[in-house]
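Take a look at the structure set out below.
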Amino acid sequence: MSARAKVGRSQVFRLVTIFSSGFGAASLSLWALMLNRIGDPGMFGFSTMSAVIAGLAALAGAGCAHAYYIGSDETAKVYEEAIATDSTTGLFSRAGLKQEIAPLIERATGKARSFERRMLVSVEIDAFRDINNQHGPETGDRVLRLMGERIRRLVGGLGPVARIAGSEFAFTFEVGHDDCELHAVMTALLEEMSRPIRAGDIVIPVFCTAGLVELGKETTSLDTALRRTNLARTTARAGGLGNWTIYHPEMTQIDTYRKWIEGELSNAIETSAFEVVYQPQVESHTGRLTGYEALLRWEHPEKGFIPPSEFISVAEKCGLIGQIGMWVLERVCNDAARFPEDTTIAVNVSPKQLENPNFVSQLADTMRRAGVRAERIELEITENILIMDSAKVRQKFQVIRDLGCPISIDDFGTGYSNLGYLAELPFTKLKLDRSLVSRLGERDNGTALVATIVNMAHALNVSVLGEGVETEEQVALLQAAGCTLMQGYYFGKPVWLERAQDKAA
């Protein structure tokens, strides 16, 4: 029975009991009064009977008061249970977890030395909003329930499991001080949590990112622990969805740094503090220059060079990526006229930019004003676009392709790939992530993996480019795997427009 039903039943019980007790008390009192008025003093026991009836009336009144207080206690207890339980999943709520975890924190804090450590894990379903938008809130709730059941089954009796808010879950477990053991546990947990979820007839791919903190002397309250796991989760997500990391004090400084970047970004846009550099893309077996990738640079007047890896995610989070991205597109379209006509210019586009319904029309206007052909402006979109609403992404891709712009899937191989979904998208190029290229020659199956991806891409009638190429050995191994388009320091570093022009000449 739900908490609301229990409260309703309790209130009805109180009303019925109070009414019955009150009515009985009033009736008995009235009867005693009538006996005293009409009774014959000569008759046996009238006064005694009146006293007895009055006593019963008092007991009925006491029963009325008792029912009131008992009902109040029951209602309060039911409300406490409702507050401690998440209504969607049946797991503990944040308030419930706070009650359950208090003795665990006290126990962890009180241990001078222990062979095990108590960890708090905060896990969030990535891009859960897209699941809600694509399939509806009812399916979203079903995903939350199934994920809650999955986590509860995995954790078992090792500790409490709670849904904190939205698609964020938290749980605790004990693990030894060996980091290898922790890594094995978290890898297994995230792999299991990130399996696709079947909601009715729908199979929904899910990815989870986690942050951990050790409970103990430095983390003595749930609020502090959750703040730290959120910082750890943010750090993990910066390395790609589906990752996890453990909290370190430096993360607080990193969070302060991110907030500083957020405050400086607006000023950077207003003062045009950004610049664009160009890195060549070549056909390795002929040496022919096929195009360039436009890369954003930010030179801060006090801090100096700030890499994109540090400010792009902040810009996405605070909503400034649209302005920055459009500035880059305008700059690239204007610069394109100064490069050979047979070269393309690749521009990185954030998935957040694609959410703007006016993005394609703004892109078309920008290319028209600059007088550049759409075929020369290639849009690079990171692979994590594949976890978004598939129908909307496919529609957006098709509109861009109808405009004439090539589309490249960037950072391919970082863990989000849904090959069945990929085959439905109208893209023109796959860019192998530099992590795949860097492992060539270091692992026996590295070249075989790249060859498999290249064959798949050719089956889809799209080209493949390897990025981050730095050595002659990598060039040879990529060529052996069937990949001939390449980009990296081996062929040239990113340079300013004037130097790029000199090399193209």
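Every chain in the structure tokens has a letter given in the order shown (A, B, ...), and although residue numbers restart at 1 in each chain, ligands are simply numbered from 1 in the order shown.
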Original post:
Residues at most 6 Å from region 276-283 of chain A, counting only C-alpha atoms, excluding those fewer than 2 positions away in the same chain, as a list in words?
Top reply: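 Counting only the stated atoms, we get His285, Thr286, Gly287, Arg288, Leu289, Thr290, Gly291, Tyr292, Glu293, Ala294, Leu295, Leu296, Arg297, Thr484, Leu485, Met486, Gln487, Lys493, Pro494, Val495 and Trp496 of chain A.
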Could those residues be written to a file, using N, CA, C and O atoms, as a PDB file, in the first residue's frame?
ATOM      1  N   HIS A 285      49.604   7.985 -49.101  1.00  0.00           N
ATOM      2  CA  HIS A 285      50.372   7.258 -50.115  1.00  0.00           C
ATOM      3  C   HIS A 285      50.789   8.143 -51.284  1.00  0.00           C
ATOM      4  O   HIS A 285      51.679   7.780 -52.069  1.00  0.00           O
ATOM      5  N   THR A 286      50.135   9.322 -51.422  1.00  0.00           N
ATOM      6  CA  THR A 286      50.531  10.239 -52.496  1.00  0.00           C
ATOM      7  C   THR A 286      51.118  11.534 -51.965  1.00  0.00           C
ATOM      8  O   THR A 286      51.792  12.260 -52.703  1.00  0.00           O
ATOM      9  N   GLY A 287      50.851  11.838 -50.680  1.00  0.00           N
ATOM     10  CA  GLY A 287      51.311  13.097 -50.103  1.00  0.00           C
ATOM     11  C   GLY A 287      50.440  14.277 -50.477  1.00  0.00           C
ATOM     12  O   GLY A 287      50.749  15.436 -50.138  1.00  0.00           O
ATOM     13  N   ARG A 288      49.330  14.020 -51.162  1.00  0.00           N
ATOM     14  CA  ARG A 288      48.451  15.109 -51.600  1.00  0.00           C
ATOM     15  C   ARG A 288      47.707  15.728 -50.426  1.00  0.00           C
ATOM     16  O   ARG A 288      47.164  15.023 -49.581  1.00  0.00           O
ATOM     17  N   LEU A 289      47.683  17.040 -50.376  1.00  0.00           N
ATOM     18  CA  LEU A 289      46.942  17.770 -49.354  1.00  0.00           C
ATOM     19  C   LEU A 289      45.461  17.758 -49.718  1.00  0.00           C
ATOM     20  O   LEU A 289      45.067  18.237 -50.789  1.00  0.00           O
ATOM     21  N   THR A 290      44.629  17.199 -48.837  1.00  0.00           N
ATOM     22  CA  THR A 290      43.195  17.104 -49.136  1.00  0.00           C
ATOM     23  C   THR A 290      42.362  18.141 -48.389  1.00  0.00           C
ATOM     24  O   THR A 290      41.254  18.453 -48.798  1.00  0.00           O
ATOM     25  N   GLY A 291      42.885  18.651 -47.290  1.00  0.00           N
ATOM     26  CA  GLY A 291      42.114  19.624 -46.529  1.00  0.00           C
ATOM     27  C   GLY A 291      42.795  20.011 -45.227  1.00  0.00           C
ATOM     28  O   GLY A 291      43.961  19.673 -44.986  1.00  0.00           O
ATOM     29  N   TYR A 292      42.028  20.709 -44.380  1.00  0.00           N
ATOM     30  CA  TYR A 292      42.533  21.152 -43.082  1.00  0.00           C
ATOM     31  C   TYR A 292      41.440  20.963 -42.034  1.00  0.00           C
ATOM     32  O   TYR A 292      40.246  20.960 -42.349  1.00  0.00           O
ATOM     33  N   GLU A 293      41.881  20.832 -40.780  1.00  0.00           N
ATOM     34  CA  GLU A 293      40.935  20.914 -39.672  1.00  0.00           C
ATOM     35  C   GLU A 293      41.165  22.238 -38.966  1.00  0.00           C
ATOM     36  O   GLU A 293      42.303  22.595 -38.621  1.00  0.00           O
ATOM     37  N   ALA A 294      40.082  22.993 -38.777  1.00  0.00           N
ATOM     38  CA  ALA A 294      40.149  24.257 -38.054  1.00  0.00           C
ATOM     39  C   ALA A 294      40.079  23.973 -36.558  1.00  0.00           C
ATOM     40  O   ALA A 294      39.149  23.312 -36.085  1.00  0.00           O
ATOM     41  N   LEU A 295      41.068  24.470 -35.820  1.00  0.00           N
ATOM     42  CA  LEU A 295      41.153  24.224 -34.379  1.00  0.00           C
ATOM     43  C   LEU A 295      41.120  25.557 -33.634  1.00  0.00           C
ATOM     44  O   LEU A 295      41.838  26.501 -33.991  1.00  0.00           O
ATOM     45  N   LEU A 296      40.302  25.622 -32.593  1.00  0.00           N
ATOM     46  CA  LEU A 296      40.106  26.861 -31.842  1.00  0.00           C
ATOM     47  C   LEU A 296      41.205  27.039 -30.796  1.00  0.00           C
ATOM     48  O   LEU A 296      41.596  26.084 -30.120  1.00  0.00           O
ATOM     49  N   ARG A 297      41.695  28.286 -30.668  1.00  0.00           N
ATOM     50  CA  ARG A 297      42.703  28.617 -29.658  1.00  0.00           C
ATOM     51  C   ARG A 297      42.248  29.848 -28.876  1.00  0.00           C
ATOM     52  O   ARG A 297      41.641  30.758 -29.432  1.00  0.00           O
ATOM     53  N   THR A 484      44.094   5.514 -45.501  1.00  0.00           N
ATOM     54  CA  THR A 484      45.093   6.307 -46.226  1.00  0.00           C
ATOM     55  C   THR A 484      45.012   7.806 -45.926  1.00  0.00           C
ATOM     56  O   THR A 484      45.979   8.524 -46.163  1.00  0.00           O
ATOM     57  N   LEU A 485      43.868   8.288 -45.437  1.00  0.00           N
ATOM     58  CA  LEU A 485      43.750   9.694 -45.057  1.00  0.00           C
ATOM     59  C   LEU A 485      44.260   9.861 -43.630  1.00  0.00           C
ATOM     60  O   LEU A 485      43.853   9.120 -42.734  1.00  0.00           O
ATOM     61  N   MET A 486      45.145  10.826 -43.414  1.00  0.00           N
ATOM     62  CA  MET A 486      45.768  10.964 -42.088  1.00  0.00           C
ATOM     63  C   MET A 486      45.955  12.420 -41.707  1.00  0.00           C
ATOM     64  O   MET A 486      45.974  13.318 -42.552  1.00  0.00           O
ATOM     65  N   GLN A 487      46.107  12.622 -40.382  1.00  0.00           N
ATOM     66  CA  GLN A 487      46.304  13.947 -39.815  1.00  0.00           C
ATOM     67  C   GLN A 487      47.107  13.788 -38.531  1.00  0.00           C
ATOM     68  O   GLN A 487      46.881  12.863 -37.754  1.00  0.00           O
ATOM     69  N   LYS A 493      51.996  20.413 -37.758  1.00  0.00           N
ATOM     70  CA  LYS A 493      51.300  20.927 -36.580  1.00  0.00           C
ATOM     71  C   LYS A 493      50.263  21.964 -36.994  1.00  0.00           C
ATOM     72  O   LYS A 493      50.335  22.522 -38.102  1.00  0.00           O
ATOM     73  N   PRO A 494      49.309  22.248 -36.121  1.00  0.00           N
ATOM     74  CA  PRO A 494      48.354  23.324 -36.410  1.00  0.00           C
ATOM     75  C   PRO A 494      49.102  24.660 -36.525  1.00  0.00           C
ATOM     76  O   PRO A 494      49.946  24.982 -35.685  1.00  0.00           O
ATOM     77  N   VAL A 495      48.792  25.434 -37.559  1.00  0.00           N
ATOM     78  CA  VAL A 495      49.491  26.703 -37.789  1.00  0.00           C
ATOM     79  C   VAL A 495      48.472  27.796 -38.104  1.00  0.00           C
ATOM     80  O   VAL A 495      47.307  27.531 -38.425  1.00  0.00           O
ATOM     81  N   TRP A 496      48.927  29.059 -38.011  1.00  0.00           N
ATOM     82  CA  TRP A 496      48.077  30.192 -38.335  1.00  0.00           C
ATOM     83  C   TRP A 496      47.794  30.198 -39.832  1.00  0.00           C
ATOM     84  O   TRP A 496      48.486  29.565 -40.628  1.00  0.00           O
TER      85      TRP A 496
END
**OP:** Give the helix (DSSP H, G or I) residues of region 160-376 of chain A, as assigned by DSSP on the backbone, as a ChimeraX atom specification.
**Re:** /A:179-193,222-238,250-270,308-318,321-336,351-354,359-370,374-376
Original post:
Which residues, written as a list in words, have at least one atom at most 10 Å from Thr235 (chain A), with only C-alpha atoms counted and residues fewer than 6 positions away on the same chain left out?
Top reply: Thr209, Ala210, Gly211, Thr229, Asn243, Trp244, Thr245, Ile246, Tyr247, Met251, Ile254 and Asp255 of chain A
Show me, as a PDB file with all heavy atoms, in the first residue's frame, the residues that have an atom within 7 Å of region 403-414 of chain A when counting only C-alpha atoms, minus same-chain residues fewer than 4 positions from it.
ATOM      1  N   ALA A 374      29.279  24.816 -50.168  1.00  0.00           N
ATOM      2  CA  ALA A 374      28.985  23.972 -49.003  1.00  0.00           C
ATOM      3  C   ALA A 374      29.855  22.719 -48.989  1.00  0.00           C
ATOM      4  O   ALA A 374      30.208  22.217 -47.910  1.00  0.00           O
ATOM      5  CB  ALA A 374      27.506  23.582 -49.008  1.00  0.00           C
ATOM      6  N   GLU A 375      30.228  22.215 -50.194  1.00  0.00           N
ATOM      7  CA  GLU A 375      31.028  20.994 -50.270  1.00  0.00           C
ATOM      8  C   GLU A 375      32.399  21.153 -49.628  1.00  0.00           C
ATOM      9  O   GLU A 375      33.054  20.168 -49.294  1.00  0.00           O
ATOM     10  CB  GLU A 375      31.203  20.571 -51.736  1.00  0.00           C
ATOM     11  CG  GLU A 375      29.929  20.117 -52.421  1.00  0.00           C
ATOM     12  CD  GLU A 375      29.062  21.293 -52.863  1.00  0.00           C
ATOM     13  OE1 GLU A 375      29.524  22.465 -52.758  1.00  0.00           O
ATOM     14  OE2 GLU A 375      27.916  21.046 -53.294  1.00  0.00           O
ATOM     15  N   ILE A 377      32.988  22.857 -46.718  1.00  0.00           N
ATOM     16  CA  ILE A 377      32.882  23.015 -45.252  1.00  0.00           C
ATOM     17  C   ILE A 377      32.385  21.702 -44.657  1.00  0.00           C
ATOM     18  O   ILE A 377      31.212  21.350 -44.770  1.00  0.00           O
ATOM     19  CB  ILE A 377      31.930  24.171 -44.874  1.00  0.00           C
ATOM     20  CG1 ILE A 377      32.386  25.466 -45.534  1.00  0.00           C
ATOM     21  CG2 ILE A 377      31.872  24.319 -43.363  1.00  0.00           C
ATOM     22  CD1 ILE A 377      33.784  25.917 -45.133  1.00  0.00           C
ATOM     23  N   GLU A 378      33.318  20.982 -44.056  1.00  0.00           N
ATOM     24  CA  GLU A 378      32.992  19.679 -43.454  1.00  0.00           C
ATOM     25  C   GLU A 378      32.727  19.861 -41.961  1.00  0.00           C
ATOM     26  O   GLU A 378      33.528  20.471 -41.253  1.00  0.00           O
ATOM     27  CB  GLU A 378      34.168  18.718 -43.654  1.00  0.00           C
ATOM     28  CG  GLU A 378      33.960  17.334 -43.032  1.00  0.00           C
ATOM     29  CD  GLU A 378      35.145  16.420 -43.313  1.00  0.00           C
ATOM     30  OE1 GLU A 378      35.243  15.907 -44.443  1.00  0.00           O
ATOM     31  OE2 GLU A 378      35.975  16.251 -42.411  1.00  0.00           O
ATOM     32  N   LEU A 379      31.608  19.340 -41.496  1.00  0.00           N
ATOM     33  CA  LEU A 379      31.257  19.458 -40.084  1.00  0.00           C
ATOM     34  C   LEU A 379      31.709  18.202 -39.337  1.00  0.00           C
ATOM     35  O   LEU A 379      31.305  17.088 -39.688  1.00  0.00           O
ATOM     36  CB  LEU A 379      29.746  19.644 -39.912  1.00  0.00           C
ATOM     37  CG  LEU A 379      29.126  20.842 -40.644  1.00  0.00           C
ATOM     38  CD1 LEU A 379      27.666  21.001 -40.234  1.00  0.00           C
ATOM     39  CD2 LEU A 379      29.895  22.120 -40.363  1.00  0.00           C
ATOM     40  N   GLU A 380      32.564  18.382 -38.337  1.00  0.00           N
ATOM     41  CA  GLU A 380      33.020  17.271 -37.496  1.00  0.00           C
ATOM     42  C   GLU A 380      32.184  17.241 -36.225  1.00  0.00           C
ATOM     43  O   GLU A 380      32.154  18.218 -35.470  1.00  0.00           O
ATOM     44  CB  GLU A 380      34.501  17.428 -37.144  1.00  0.00           C
ATOM     45  CG  GLU A 380      35.438  17.115 -38.280  1.00  0.00           C
ATOM     46  CD  GLU A 380      36.875  16.964 -37.808  1.00  0.00           C
ATOM     47  OE1 GLU A 380      37.111  16.992 -36.583  1.00  0.00           O
ATOM     48  OE2 GLU A 380      37.771  16.821 -38.653  1.00  0.00           O
ATOM     49  N   ILE A 381      31.522  16.111 -36.007  1.00  0.00           N
ATOM     50  CA  ILE A 381      30.641  15.969 -34.853  1.00  0.00           C
ATOM     51  C   ILE A 381      31.105  14.766 -34.047  1.00  0.00           C
ATOM     52  O   ILE A 381      31.299  13.676 -34.599  1.00  0.00           O
ATOM     53  CB  ILE A 381      29.171  15.789 -35.297  1.00  0.00           C
ATOM     54  CG1 ILE A 381      28.767  16.980 -36.196  1.00  0.00           C
ATOM     55  CG2 ILE A 381      28.250  15.696 -34.094  1.00  0.00           C
ATOM     56  CD1 ILE A 381      27.441  16.814 -36.872  1.00  0.00           C
ATOM     57  N   THR A 382      31.308  14.962 -32.757  1.00  0.00           N
ATOM     58  CA  THR A 382      31.870  13.897 -31.928  1.00  0.00           C
ATOM     59  C   THR A 382      30.942  12.697 -31.842  1.00  0.00           C
ATOM     60  O   THR A 382      29.724  12.814 -31.958  1.00  0.00           O
ATOM     61  CB  THR A 382      32.177  14.401 -30.506  1.00  0.00           C
ATOM     62  OG1 THR A 382      31.003  15.005 -29.967  1.00  0.00           O
ATOM     63  CG2 THR A 382      33.305  15.412 -30.523  1.00  0.00           C
ATOM     64  N   GLU A 383      31.557  11.552 -31.578  1.00  0.00           N
ATOM     65  CA  GLU A 383      30.835  10.280 -31.590  1.00  0.00           C
ATOM     66  C   GLU A 383      29.741  10.206 -30.540  1.00  0.00           C
ATOM     67  O   GLU A 383      28.783   9.448 -30.689  1.00  0.00           O
ATOM     68  CB  GLU A 383      31.844   9.141 -31.372  1.00  0.00           C
ATOM     69  CG  GLU A 383      31.250   7.761 -31.499  1.00  0.00           C
ATOM     70  CD  GLU A 383      32.241   6.685 -31.078  1.00  0.00           C
ATOM     71  OE1 GLU A 383      33.302   7.026 -30.530  1.00  0.00           O
ATOM     72  OE2 GLU A 383      31.929   5.511 -31.298  1.00  0.00           O
ATOM     73  N   VAL A 399      19.370  17.049 -43.251  1.00  0.00           N
ATOM     74  CA  VAL A 399      19.201  18.442 -43.674  1.00  0.00           C
ATOM     75  C   VAL A 399      20.562  19.054 -43.996  1.00  0.00           C
ATOM     76  O   VAL A 399      20.711  19.792 -44.986  1.00  0.00           O
ATOM     77  CB  VAL A 399      18.485  19.261 -42.569  1.00  0.00           C
ATOM     78  CG1 VAL A 399      18.463  20.743 -42.938  1.00  0.00           C
ATOM     79  CG2 VAL A 399      17.072  18.763 -42.362  1.00  0.00           C
ATOM     80  N   PHE A 427      26.371  10.194 -43.038  1.00  0.00           N
ATOM     81  CA  PHE A 427      27.640  10.892 -42.860  1.00  0.00           C
ATOM     82  C   PHE A 427      28.605  10.465 -43.970  1.00  0.00           C
ATOM     83  O   PHE A 427      28.346   9.515 -44.722  1.00  0.00           O
ATOM     84  CB  PHE A 427      28.230  10.620 -41.476  1.00  0.00           C
ATOM     85  CG  PHE A 427      28.632   9.197 -41.245  1.00  0.00           C
ATOM     86  CD1 PHE A 427      29.963   8.810 -41.343  1.00  0.00           C
ATOM     87  CD2 PHE A 427      27.691   8.224 -40.915  1.00  0.00           C
ATOM     88  CE1 PHE A 427      30.344   7.492 -41.132  1.00  0.00           C
ATOM     89  CE2 PHE A 427      28.058   6.910 -40.696  1.00  0.00           C
ATOM     90  CZ  PHE A 427      29.389   6.539 -40.818  1.00  0.00           C
ATOM     91  N   THR A 428      29.756  11.150 -44.047  1.00  0.00           N
ATOM     92  CA  THR A 428      30.668  10.906 -45.164  1.00  0.00           C
ATOM     93  C   THR A 428      32.055  10.435 -44.751  1.00  0.00           C
ATOM     94  O   THR A 428      32.814   9.957 -45.585  1.00  0.00           O
ATOM     95  CB  THR A 428      30.831  12.193 -46.006  1.00  0.00           C
ATOM     96  OG1 THR A 428      31.267  13.255 -45.141  1.00  0.00           O
ATOM     97  CG2 THR A 428      29.515  12.578 -46.667  1.00  0.00           C
ATOM     98  N   LYS A 429      32.393  10.592 -43.459  1.00  0.00           N
ATOM     99  CA  LYS A 429      33.749  10.226 -43.036  1.00  0.00           C
ATOM    100  C   LYS A 429      33.752   9.803 -41.572  1.00  0.00           C
ATOM    101  O   LYS A 429      32.991  10.334 -40.754  1.00  0.00           O
ATOM    102  CB  LYS A 429      34.692  11.416 -43.218  1.00  0.00           C
ATOM    103  CG  LYS A 429      36.148  11.137 -42.871  1.00  0.00           C
ATOM    104  CD  LYS A 429      36.990  12.417 -42.950  1.00  0.00           C
ATOM    105  CE  LYS A 429      37.135  12.900 -44.374  1.00  0.00           C
ATOM    106  NZ  LYS A 429      37.973  14.125 -44.455  1.00  0.00           N
ATOM    107  N   LEU A 430      34.631   8.832 -41.255  1.00  0.00           N
ATOM    108  CA  LEU A 430      34.907   8.439 -39.874  1.00  0.00           C
ATOM    109  C   LEU A 430      36.318   8.896 -39.518  1.00  0.00           C
ATOM    110  O   LEU A 430      37.262   8.643 -40.282  1.00  0.00           O
ATOM    111  CB  LEU A 430      34.845   6.917 -39.709  1.00  0.00           C
ATOM    112  CG  LEU A 430      33.521   6.244 -39.388  1.00  0.00           C
ATOM    113  CD1 LEU A 430      33.760   4.754 -39.174  1.00  0.00           C
ATOM    114  CD2 LEU A 430      32.872   6.846 -38.163  1.00  0.00           C
ATOM    115  N   LYS A 431      36.468   9.545 -38.370  1.00  0.00           N
ATOM    116  CA  LYS A 431      37.801   9.910 -37.908  1.00  0.00           C
ATOM    117  C   LYS A 431      38.170   9.002 -36.733  1.00  0.00           C
ATOM    118  O   LYS A 431      37.515   9.040 -35.685  1.00  0.00           O
ATOM    119  CB  LYS A 431      37.844  11.379 -37.470  1.00  0.00           C
ATOM    120  CG  LYS A 431      37.786  12.356 -38.624  1.00  0.00           C
ATOM    121  CD  LYS A 431      38.123  13.764 -38.165  1.00  0.00           C
ATOM    122  CE  LYS A 431      39.593  13.915 -37.843  1.00  0.00           C
ATOM    123  NZ  LYS A 431      39.967  15.312 -37.518  1.00  0.00           N
ATOM    124  N   LEU A 432      39.187   8.181 -36.928  1.00  0.00           N
ATOM    125  CA  LEU A 432      39.633   7.291 -35.865  1.00  0.00           C
ATOM    126  C   LEU A 432      40.202   8.115 -34.721  1.00  0.00           C
ATOM    127  O   LEU A 432      41.051   8.990 -34.918  1.00  0.00           O
ATOM    128  CB  LEU A 432      40.711   6.344 -36.385  1.00  0.00           C
ATOM    129  CG  LEU A 432      40.312   5.374 -37.495  1.00  0.00           C
ATOM    130  CD1 LEU A 432      41.533   4.599 -37.969  1.00  0.00           C
ATOM    131  CD2 LEU A 432      39.232   4.431 -37.015  1.00  0.00           C
ATOM    132  N   ASP A 433      39.749   7.834 -33.502  1.00  0.00           N
ATOM    133  CA  ASP A 433      40.259   8.571 -32.349  1.00  0.00           C
ATOM    134  C   ASP A 433      41.750   8.328 -32.186  1.00  0.00           C
ATOM    135  O   ASP A 433      42.264   7.233 -32.449  1.00  0.00           O
ATOM    136  CB  ASP A 433      39.511   8.131 -31.085  1.00  0.00           C
ATOM    137  CG  ASP A 433      39.902   8.960 -29.884  1.00  0.00           C
ATOM    138  OD1 ASP A 433      39.589  10.152 -29.863  1.00  0.00           O
ATOM    139  OD2 ASP A 433      40.549   8.402 -28.970  1.00  0.00           O
TER     140      ASP A 433
END
**OP:** Would you please work out which residue, of A:Ser93, A:Ser87, A:Gln395, A:Thr234, is nearest to Thr252 (chain A) when using only C-alpha atoms?
**Re:**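 When distances to Thr252 (chain A) are compared using only C-alpha atoms, the smallest one comes from A:Thr234.
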**OP:** Within 10 Å of Ser272 (chain A), counting only C-alpha atoms, which residues show up once you throw out same-chain ones fewer than 5 positions away? Write them as a list in words, please.
**Re:**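 In the requested form, the answer reads Ser266, Asn267, Trp298, Ile324 and Trp327 of chain A.
The shortest atom-to-atom distance to Thr172 (chain A), with only C-alpha atoms taken into account, belongs to A:Glu100 out of A:Asp223, A:Glu191, A:Glu473, A:Glu100.
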Original post:
Could you name the residues that touch Ile197 (chain A) at 8 Å or less, counting only C-alpha atoms, but leaving out those on the same chain fewer than 3 positions away, as a PyMOL selection string?
Top reply: chain A and resi 143+146+203-206
Now that the selection is made, can you save its residues with C-alpha atoms as a PDB file, in the first residue's frame?
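Result written to selection.pdb:
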ATOM      1  CA  VAL A 143      14.200   3.053 -17.322  1.00  0.00           C
ATOM      2  CA  LEU A 146      14.884  -0.976 -14.198  1.00  0.00           C
ATOM      3  CA  VAL A 203      15.668  -1.390 -26.500  1.00  0.00           C
ATOM      4  CA  ILE A 204      17.361   1.741 -25.149  1.00  0.00           C
ATOM      5  CA  PRO A 205      21.163   2.085 -25.072  1.00  0.00           C
ATOM      6  CA  VAL A 206      22.355   3.596 -21.784  1.00  0.00           C
TER       7      VAL A 206
END
**OP:** Kindly indicate which residue among A:Ala336, A:Leu425, A:Leu212, A:Met456 lies nearest to Arg233 (chain A), using only C-alpha atoms for the distances.
**Re:** A:Leu212
**OP:** Write out as a PyMOL selection string each polymer residue whose atoms come within 12 Å of Ala225 (chain A), counting only C-alpha atoms; drop sequence neighbours fewer than 3 positions from it.
**Re:** chain A and resi 97-98+101-102+105+118-122+170-172+211-222+228-232+246-248
Please produce an output containing C-alpha atoms for each residue in the selection, written as a short mmCIF file (atom, residue, chain, number, x, y, z; two decimals), in the first residue's frame.
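To be explicit, this is the file written out as result_31.cif:
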data_model
loop_
_atom_site.label_atom_id
_atom_site.label_comp_id
_atom_site.auth_asym_id
_atom_site.auth_seq_id
_atom_site.Cartn_x
_atom_site.Cartn_y
_atom_site.Cartn_z
CA LEU A 97 20.06 7.51 2.41
CA LYS A 98 21.07 10.18 4.91
CA ILE A 101 24.50 6.16 5.85
CA ALA A 102 24.97 8.06 9.12
CA ILE A 105 30.07 7.15 8.20
CA ARG A 118 33.75 2.37 2.68
CA MET A 119 33.09 4.03 -0.70
CA LEU A 120 30.13 6.16 -1.74
CA VAL A 121 29.39 5.95 -5.47
CA SER A 122 27.26 8.44 -7.39
CA ALA A 170 24.01 6.51 -5.09
CA PHE A 171 25.15 3.44 -3.20
CA THR A 172 27.93 2.33 -0.88
CA GLY A 211 32.16 9.53 -9.19
CA LEU A 212 33.46 7.99 -5.96
CA VAL A 213 34.56 9.26 -2.57
CA GLU A 214 35.91 7.44 0.46
CA LEU A 215 33.83 7.91 3.60
CA GLY A 216 35.77 8.65 6.74
CA LYS A 217 37.60 11.42 8.56
CA GLU A 218 37.69 13.77 5.57
CA THR A 219 34.09 13.08 4.51
CA THR A 220 31.81 13.03 7.55
CA SER A 221 28.42 13.98 6.09
CA LEU A 222 26.30 12.84 3.16
CA ARG A 228 32.59 15.45 -3.89
CA THR A 229 31.17 12.58 -5.92
CA ASN A 230 29.57 15.16 -8.24
CA LEU A 231 32.97 16.80 -8.74
CA ALA A 232 34.51 13.40 -9.45
CA ILE A 246 37.58 8.82 -7.45
CA TYR A 247 37.53 12.21 -5.73
CA HIS A 248 40.80 13.99 -4.99
#
Original post:
Would you give me, as a ChimeraX atom specification, the residues in region 407-474 of chain A that DSSP reads as strand (DSSP E)?
Top reply: /A:407-412,429-432,463-467
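One distance worth recording is that between CA of Gln99 (chain A) and CA of Arg153 (chain A), which is 21.1 Å.
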Original post:
What is the CA of Arg163 (chain A)-CA of Phe128 (chain A) distance in Å, reported with one decimal?
Top reply: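 Answer for the CA of Arg163 (chain A) to CA of Phe128 (chain A) separation: 14.1 Å.
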